[in-house]
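Q: First the structure, which I've put down as structure tokens, then a few questions once you've had a look.
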Amino acid sequence: MPDAFLCDFDGTIAPQDIGAAIVQRFSAGRDAERRALLDRWRGETIGHREMIEAECRLLEADEAETLEFARRFSIDPEFAPFTRERWARGDAVMVVSEGFDVYVRDQLARAGLERLPWAANRLRFEGRRVTPEFPFYDPSCGGCGNCKAQHARGWRARGYRVILIGDGLSDRCGARAADRVLARGELLDWCRREGVAARPFESFADLGRAARGALDPLSPV
Ligand SMILES: [Mg+2]
Ligand SMILES: [Zn+2]
């Protein structure tokens, strides 16, 4: 059975959280409101979609300056080699992101990964006003903007074993729905608290070595 690697973007493929950095940079002076929203999301009072909608109301940015700012960041240089090795083995790789199309598309293209499938939330810019759109909103979840569980179910239905790779609380639904979880950061802590089996990983260099047989990232925890 081939594997489908569903990879979170911010904090996973990109070592830093580009989406959060954009929100912070372009909502200057609104720190208290931003932090309150994050706290409500962490406490599961609001879903990620609702948090993004509220965050975007705090933003003042046009598309060009958002993209220019996002280009200060880059992705893990081992991600593209990892992806190509997995493709060569007949596996699938997809980016599943609760971040935004504007920088996910750009960063993947800059890494030579234009043909890698990805799903993220969308930002619509009108002057310096920003409105989010959620093309992958799943009513059966109701909380996420782009629920990663639906992608896990979709790949499994197509005959793949689903491996979720992530670092954060926006990966929770995906982790519950996946066959295997590779986690770091807050996702790893959450998996341990919730009893969701997860194997720790450090970076795509680990996972690349694993693909070459040096270790098995998919063995039981
Ligand atoms: Mg993340
Ligand atoms: Zn969800």
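By convention in this document, the chains of the structure tokens carry letters A, B, ... by their order, each chain's residues are numbered from 1, and ligands are numbered from 1 in the order they are shown.
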Just want the 9 Å neighbourhood of Glu202 in chain A, counted on only C-alpha atoms, with same-chain residues fewer than 3 positions away dropped. Output as a list in words.
A: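 Non-adjacent residues within range: Ala183, Arg184, Ala205, Asp206 and Leu207 of chain A.
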Q: Dump C-alpha atoms for the selected residues as a PDB file, in the first residue's frame?
A:
ATOM      1  CA  ALA A 183       4.877  15.119  15.309  1.00  0.00           C
ATOM      2  CA  ARG A 184       6.939  17.766  16.992  1.00  0.00           C
ATOM      3  CA  ALA A 205      16.451  15.604   7.134  1.00  0.00           C
ATOM      4  CA  ASP A 206      15.352  12.842   9.592  1.00  0.00           C
ATOM      5  CA  LEU A 207      12.533  11.818   7.326  1.00  0.00           C
TER       6      LEU A 207
END
Q: Give me the residues of chain A that have any atom at most 7 Å from an atom of ligand 2; for each, the nearest atom pair and the distance in Å, rounded to one decimal. Use only C-alpha atoms and all ligand atoms, sort by chain and number, and format it as CSV.
A:
residue,atom,partner,partner_atom_place_in_ligand_line,distance
A:Cys141,CA,ligand 2,1 (Zn),4.6
A:Gly142,CA,ligand 2,1 (Zn),6.7
A:Gly143,CA,ligand 2,1 (Zn),5.5
A:Cys144,CA,ligand 2,1 (Zn),4.4
A:Cys147,CA,ligand 2,1 (Zn),3.9
A:Lys148,CA,ligand 2,1 (Zn),6.2
A:Ala149,CA,ligand 2,1 (Zn),6.2
A:Cys173,CA,ligand 2,1 (Zn),4.7
Q: Per residue of chain A within 6 Å of ligand 1, record the nearest atom pair and its distance in Å to one decimal, counting only C-alpha atoms and all ligand atoms, with rows in chain order and ascending residue number, as a tab-separated table.
A:
residue	atom	partner	partner_atom_place_in_ligand_line	distance
A:Asp8	CA	ligand 1	1 (Mg)	5.5
A:Phe9	CA	ligand 1	1 (Mg)	5.8
A:Asp10	CA	ligand 1	1 (Mg)	4.2
A:Gly11	CA	ligand 1	1 (Mg)	4.3
A:Thr12	CA	ligand 1	1 (Mg)	5.5
A:Gly166	CA	ligand 1	1 (Mg)	5.8
A:Asp167	CA	ligand 1	1 (Mg)	4.8
A:Gly168	CA	ligand 1	1 (Mg)	4.6
Q: Could you give me, as CSV, every range 91-179 of chain A residue with an atom at most 9 Å from range 82-85 of chain A, plus its closest atom pair and distance in Å to one decimal, counting only C-alpha atoms, rows ordered by chain then number?
A:
residue,atom,partner,partner_atom,distance
A:Asp91,CA,A:Glu85,CA,8.8
A:Ala92,CA,A:Thr83,CA,8.3
A:Val93,CA,A:Thr83,CA,6.5
A:Leu113,CA,A:Thr83,CA,8.7
A:Leu116,CA,A:Thr83,CA,8.6
Q: Could you write out the selected residues, including C-alpha atoms, as a PDB file, in the first residue's frame?
A:
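That gives us out_1.pdb:
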ATOM      1  CA  ASP A  91       4.116   7.520  -2.506  1.00  0.00           C
ATOM      2  CA  ALA A  92       2.078  10.729  -2.484  1.00  0.00           C
ATOM      3  CA  VAL A  93       2.898  13.996  -0.748  1.00  0.00           C
ATOM      4  CA  LEU A 113       7.683  22.018  -6.237  1.00  0.00           C
ATOM      5  CA  LEU A 116       3.060  19.326  -5.448  1.00  0.00           C
TER       6      LEU A 116
END
Q: Using only C-alpha atoms for the distances, tell me which of A:Gly174, A:Asp179, A:Asp39, A:Tyr137 is nearest to Tyr160 in chain A.
A: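 Once distances to Tyr160 in chain A are computed over only C-alpha atoms, the minimum belongs to A:Asp179.
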Q: Apply DSSP to the structure's backbone, then extract all residues of chain A labelled alpha helix (DSSP H) and return them as a PyMOL selection string.
A: chain A and resi 18-25+31-42+48-58+63-70+79-88+101-110+148-157+172-177+185-194+204-211
Q: Using DSSP assignments from the backbone, pull out every residue in range 8-188 of chain A that falls under strand (DSSP E) and give it to me as an MDAnalysis selection string.
A: chainID A and resid 92:100 118:126 129:133 161:166 180:183
Q: Kindly export the residues of the current selection with N, CA and C atoms, as a JSON list (two decimals), in the first residue's frame.
A:
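Result went into selection13.json, see below:
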[["chain", "number", "residue", "atom", "x", "y", "z"],
["A", 92, "ALA", "N", 2.64, 9.41, -2.20],
["A", 92, "ALA", "CA", 2.08, 10.73, -2.48],
["A", 92, "ALA", "C", 2.47, 11.69, -1.36],
["A", 93, "VAL", "N", 2.63, 12.94, -1.73],
["A", 93, "VAL", "CA", 2.90, 14.00, -0.75],
["A", 93, "VAL", "C", 1.93, 15.13, -1.05],
["A", 94, "MET", "N", 1.33, 15.68, 0.01],
["A", 94, "MET", "CA", 0.42, 16.81, -0.17],
["A", 94, "MET", "C", 0.62, 17.77, 1.00],
["A", 95, "VAL", "N", 0.53, 19.06, 0.70],
["A", 95, "VAL", "CA", 0.59, 20.08, 1.75],
["A", 95, "VAL", "C", -0.84, 20.36, 2.20],
["A", 96, "VAL", "N", -1.08, 20.24, 3.50],
["A", 96, "VAL", "CA", -2.39, 20.57, 4.06],
["A", 96, "VAL", "C", -2.16, 21.67, 5.09],
["A", 97, "SER", "N", -2.70, 22.85, 4.80],
["A", 97, "SER", "CA", -2.32, 24.03, 5.59],
["A", 97, "SER", "C", -3.52, 24.82, 6.08],
["A", 98, "GLU", "N", -3.43, 25.24, 7.33],
["A", 98, "GLU", "CA", -4.40, 26.20, 7.86],
["A", 98, "GLU", "C", -3.87, 27.62, 7.67],
["A", 99, "GLY", "N", -2.78, 27.76, 6.92],
["A", 99, "GLY", "CA", -2.26, 29.07, 6.55],
["A", 99, "GLY", "C", -2.90, 29.53, 5.26],
["A", 100, "PHE", "N", -2.14, 30.32, 4.46],
["A", 100, "PHE", "CA", -2.75, 31.04, 3.35],
["A", 100, "PHE", "C", -2.08, 30.77, 2.02],
["A", 118, "TRP", "N", -1.47, 21.03, -3.00],
["A", 118, "TRP", "CA", -1.58, 21.70, -1.71],
["A", 118, "TRP", "C", -3.00, 22.22, -1.52],
["A", 119, "ALA", "N", -3.38, 22.36, -0.27],
["A", 119, "ALA", "CA", -4.67, 22.94, 0.08],
["A", 119, "ALA", "C", -4.45, 23.89, 1.25],
["A", 120, "ALA", "N", -4.93, 25.11, 1.09],
["A", 120, "ALA", "CA", -4.78, 26.12, 2.16],
["A", 120, "ALA", "C", -5.99, 27.05, 2.11],
["A", 121, "ASN", "N", -6.10, 27.87, 3.10],
["A", 121, "ASN", "CA", -7.12, 28.92, 3.08],
["A", 121, "ASN", "C", -6.67, 30.01, 2.10],
["A", 122, "ARG", "N", -7.64, 30.83, 1.68],
["A", 122, "ARG", "CA", -7.33, 31.87, 0.69],
["A", 122, "ARG", "C", -7.44, 33.25, 1.31],
["A", 123, "LEU", "N", -6.61, 34.14, 0.85],
["A", 123, "LEU", "CA", -6.76, 35.55, 1.24],
["A", 123, "LEU", "C", -7.18, 36.36, 0.02],
["A", 124, "ARG", "N", -8.24, 37.15, 0.18],
["A", 124, "ARG", "CA", -8.66, 38.06, -0.88],
["A", 124, "ARG", "C", -8.30, 39.48, -0.44],
["A", 125, "PHE", "N", -7.54, 40.16, -1.26],
["A", 125, "PHE", "CA", -7.07, 41.51, -0.92],
["A", 125, "PHE", "C", -7.89, 42.54, -1.70],
["A", 126, "GLU", "N", -8.38, 43.55, -0.99],
["A", 126, "GLU", "CA", -9.01, 44.71, -1.65],
["A", 126, "GLU", "C", -8.33, 45.92, -1.06],
["A", 129, "ARG", "N", -7.36, 45.92, 2.69],
["A", 129, "ARG", "CA", -8.28, 45.10, 3.47],
["A", 129, "ARG", "C", -8.15, 43.64, 3.04],
["A", 130, "VAL", "N", -8.25, 42.76, 4.02],
["A", 130, "VAL", "CA", -8.01, 41.34, 3.76],
["A", 130, "VAL", "C", -9.22, 40.53, 4.22],
["A", 131, "THR", "N", -9.72, 39.70, 3.30],
["A", 131, "THR", "CA", -10.85, 38.83, 3.65],
["A", 131, "THR", "C", -10.44, 37.38, 3.39],
["A", 132, "PRO", "N", -10.61, 36.53, 4.40],
["A", 132, "PRO", "CA", -10.25, 35.11, 4.18],
["A", 132, "PRO", "C", -11.40, 34.36, 3.51],
["A", 133, "GLU", "N", -11.02, 33.36, 2.74],
["A", 133, "GLU", "CA", -12.00, 32.45, 2.14],
["A", 133, "GLU", "C", -11.54, 31.02, 2.46],
["A", 161, "ARG", "N", -2.07, 4.57, 2.71],
["A", 161, "ARG", "CA", -1.91, 4.69, 4.15],
["A", 161, "ARG", "C", -1.54, 6.15, 4.42],
["A", 162, "VAL", "N", -2.25, 6.79, 5.35],
["A", 162, "VAL", "CA", -2.10, 8.23, 5.53],
["A", 162, "VAL", "C", -1.20, 8.56, 6.71],
["A", 163, "ILE", "N", -0.17, 9.35, 6.43],
["A", 163, "ILE", "CA", 0.77, 9.78, 7.46],
["A", 163, "ILE", "C", 0.72, 11.29, 7.58],
["A", 164, "LEU", "N", 0.32, 11.76, 8.74],
["A", 164, "LEU", "CA", 0.23, 13.20, 8.99],
["A", 164, "LEU", "C", 1.54, 13.66, 9.62],
["A", 165, "ILE", "N", 2.12, 14.72, 9.07],
["A", 165, "ILE", "CA", 3.34, 15.30, 9.64],
["A", 165, "ILE", "C", 3.02, 16.72, 10.07],
["A", 166, "GLY", "N", 3.19, 17.02, 11.36],
["A", 166, "GLY", "CA", 2.82, 18.36, 11.79],
["A", 166, "GLY", "C", 3.45, 18.76, 13.10],
["A", 180, "ARG", "N", -0.91, 7.16, 10.70],
["A", 180, "ARG", "CA", 0.31, 7.37, 11.49],
["A", 180, "ARG", "C", 0.52, 8.87, 11.63],
["A", 181, "VAL", "N", 1.18, 9.25, 12.71],
["A", 181, "VAL", "CA", 1.45, 10.67, 12.96],
["A", 181, "VAL", "C", 2.94, 10.84, 13.27],
["A", 182, "LEU", "N", 3.54, 11.79, 12.58],
["A", 182, "LEU", "CA", 4.90, 12.22, 12.90],
["A", 182, "LEU", "C", 4.77, 13.64, 13.43],
["A", 183, "ALA", "N", 5.22, 13.85, 14.66],
["A", 183, "ALA", "CA", 4.88, 15.12, 15.31],
["A", 183, "ALA", "C", 6.07, 15.74, 16.01]]
Q: Quick one: of A:Ala197, A:Leu169, A:Ala178, A:Leu108, who's nearest to Asp3 in chain A, counting only C-alpha atoms?
A: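 Using only C-alpha atoms, the shortest distance to Asp3 in chain A belongs to A:Ala178.
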Q: Tell me which of A:Met1, A:Arg158, A:Leu6, A:Thr45 sits closest to Ala175 in chain A, counting only C-alpha atoms.
A: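 Distance minimum relative to Ala175 in chain A lands on A:Leu6.
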Q: Show which residues sit within 9 Å of Thr66 in chain A, as a count of residues only. Count only C-alpha atoms, and ignore same-chain residues fewer than 6 positions away.
A: 4
Q: Can you pull out the residues contacting Glu60 in chain A? Cut-off 9 Å, using only C-alpha atoms, and skip same-chain residues under 2 positions away; I want them as an MDAnalysis selection string.
A: chainID A and resid 26:28 56:58 62 127:130
